[in-house]
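Working notes for the structure below.
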Amino acid sequence: MKKLEPEEDAFGQEMWACYKGEEAFEIVERDDGYFNASPKGPRLYFSEYEDWDLIDRKAMEFVKGKVLDIGCGAGRHSLYLQKMDFDVLGIDSSPLAIKVCKLRGLKQARVMSIEELNFKPKSFDTIIMMGSNFGLFGSFTKARRLLKKFHRMTSKNGLIIASTRDTYKTDNADHLEYHKRNKKKGRMAGQLRVRIRFRKCVGRWFDYLIVSKKEMEEILKGTGWKTREFIDSGNSAFIAAIEKEPKILTRTEK
Ligand SMILES: C[S@@+](CC[C@H](N)C(=O)[O-])C[C@H]1O[C@@H](n2cnc3c(N)ncnc32)[C@H](O)[C@@H]1O
């Protein structure tokens, strides 16, 4: 992926403004013309453990060993884990988000996109994808390709902790219409084509995948991963703790 130019780094500009104490909104534009503006978005990325949703706090109990935080944003989860003495690396495609992470004290933070991950086998014990970042998998096919890569990058008892929202838990007519439109195009219902806007900054279009539990399990099938547990919020958000399937030993490996 070509490095983001500053005028394309809308996510980062939003976090940079928030870091400087300026007013910031998160504006997500979908390719059907639907805009979602959230004043909570940017501030949420800076929130402290005590203020997180309960499911995020519960999810941290699963974390072990060496951690990779994919799409770490302003680093809230990485910074918490670092404080808890975990060896954690935060990566994000946004150069400004990574600058913010470093200024906030994250020791290991790198500009890197999920598409560029290129770590040696068994480099991590836990991969976290928080703030609905299961979405960064983008599509059914890309998710499966990346999951197989994650399998190699993680240790024998490796874990993925991934947060998402159930696509179908909505009665918003525009969203329901969008699901239909997606299906007609052969895309998953919750395969959102979106871009972020902030002030004069317009991010690149990208696919962000939101899935139901059943769809998540469908995606995991045959990738070497299975869900260990779902952490439910009581609304559409949920987090999955995903573990490696036991390897079936062949006669020669026994
Ligand atoms: C919804 S925010 C979540 C931030 C953080 N995980 C949290 O919960 O506070 C999504 C983050 O993913 C990053 N991102 C978007 N596309 C990415 C990609 N292809 N690779 C890596 N990071 C990406 C954005 O820059 C942004 O910081």
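Letters A, B, ... mark the chains of the structure tokens in the order given; residue numbers begin at 1 per chain; ligand numbers begin at 1, in order shown.
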
Strand (DSSP E) call set, DSSP backbone run, stretch 22-218 of chain A, as a PyMOL selection string: chain A and resi 26-30+35-38+67-70+88-92+109-111+124-129+154-165+191-198+201-202+206-209

Those of stretch 40-140 of chain A in DSSP helix (DSSP H, G or I), formatted as a PyMOL selection string: chain A and resi 40-44+49-51+54-60+76-83+95-103+114-116+133-137+140

Ligand 1 neighbours within 6 Å using only C-alpha atoms and all ligand atoms, as a PDB file with C-alpha atoms, in the first residue's frame:
ATOM      1  CA  PHE A  11      -7.874   9.307  10.752  1.00  0.00           C
ATOM      2  CA  TYR A  45      -9.465   6.523  20.998  1.00  0.00           C
ATOM      3  CA  ILE A  70      -3.339  -3.851  14.579  1.00  0.00           C
ATOM      4  CA  GLY A  71      -4.797  -0.423  13.764  1.00  0.00           C
ATOM      5  CA  CYS A  72      -3.757   0.820  17.195  1.00  0.00           C
ATOM      6  CA  GLY A  73      -5.089   4.362  16.641  1.00  0.00           C
ATOM      7  CA  ARG A  76      -5.234   3.204  24.160  1.00  0.00           C
ATOM      8  CA  ASP A  92      -1.262   1.643  12.140  1.00  0.00           C
ATOM      9  CA  SER A  93      -1.373   2.795   8.526  1.00  0.00           C
ATOM     10  CA  SER A  94      -1.719   6.392   9.727  1.00  0.00           C
ATOM     11  CA  SER A 113      -0.782  -1.376   7.190  1.00  0.00           C
ATOM     12  CA  ILE A 114      -2.464  -4.723   7.793  1.00  0.00           C
ATOM     13  CA  MET A 130      -9.900  -3.474  18.812  1.00  0.00           C
ATOM     14  CA  GLY A 131     -12.390  -0.673  18.113  1.00  0.00           C
TER      15      GLY A 131
END

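Using only C-alpha atoms, the smallest distance between any of A:Lys200, A:His151, A:Lys156, A:Lys183 and A:Thr223 comes from A:His151.
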
Selection: 10 Å around A:Asn118, only C-alpha atoms, excl. self and same-chain fewer than 4 positions, as number ranges by chain: A: 112, 114, 149-150, 153

Closest-contact table, stretch 46-118 of chain A side, partner stretch 20-32 of chain A, 12 Å, counting only C-alpha atoms, as CSV:
residue,atom,partner,partner_atom,distance
A:Phe46,CA,A:Gly21,CA,11.2
A:Val100,CA,A:Lys20,CA,9.8
A:Leu103,CA,A:Lys20,CA,11.2
A:Arg104,CA,A:Lys20,CA,11.7

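Proximity of A:Leu176, A:Leu96, A:Ile128, A:Leu192 to A:Leu81, computed with only C-alpha atoms, is greatest for A:Ile128.
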
Residue contacts of A:Gly190 (10 Å, only C-alpha atoms) excluding same-chain residues fewer than 2 positions away, as a list in words: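 Here the answer would be Gly135, Gly138, Ser139, Arg165, Asp166, Thr167, Tyr168, His175, Leu176, Tyr178, His179, Lys180, Asn182, Lys183, Arg187, Met188, Leu192, Arg193, Asp207, Tyr208, Leu209, Ile210, Val211, Ser212 and Glu215 of chain A.
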
Which of A:Lys221, A:Lys184, A:Lys64, A:His77 sits closest to A:Asn157 [using only C-alpha atoms]: A:Lys64

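Straight-line separation from atom CA of A:Leu220 to atom CA of A:Leu147: 7.7 Å.
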
From A:Asp53, A:Asp87, A:Glu14, A:Glu229, residue lying nearest A:Ala241 [only C-alpha atoms]: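 With only C-alpha atoms as the atom set, the closest residue is A:Glu229.
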
Nearest-residue call for A:Ile242, choices A:Ala17, A:Leu159, A:Ile55, A:Ala109, using only C-alpha atoms: A:Leu159
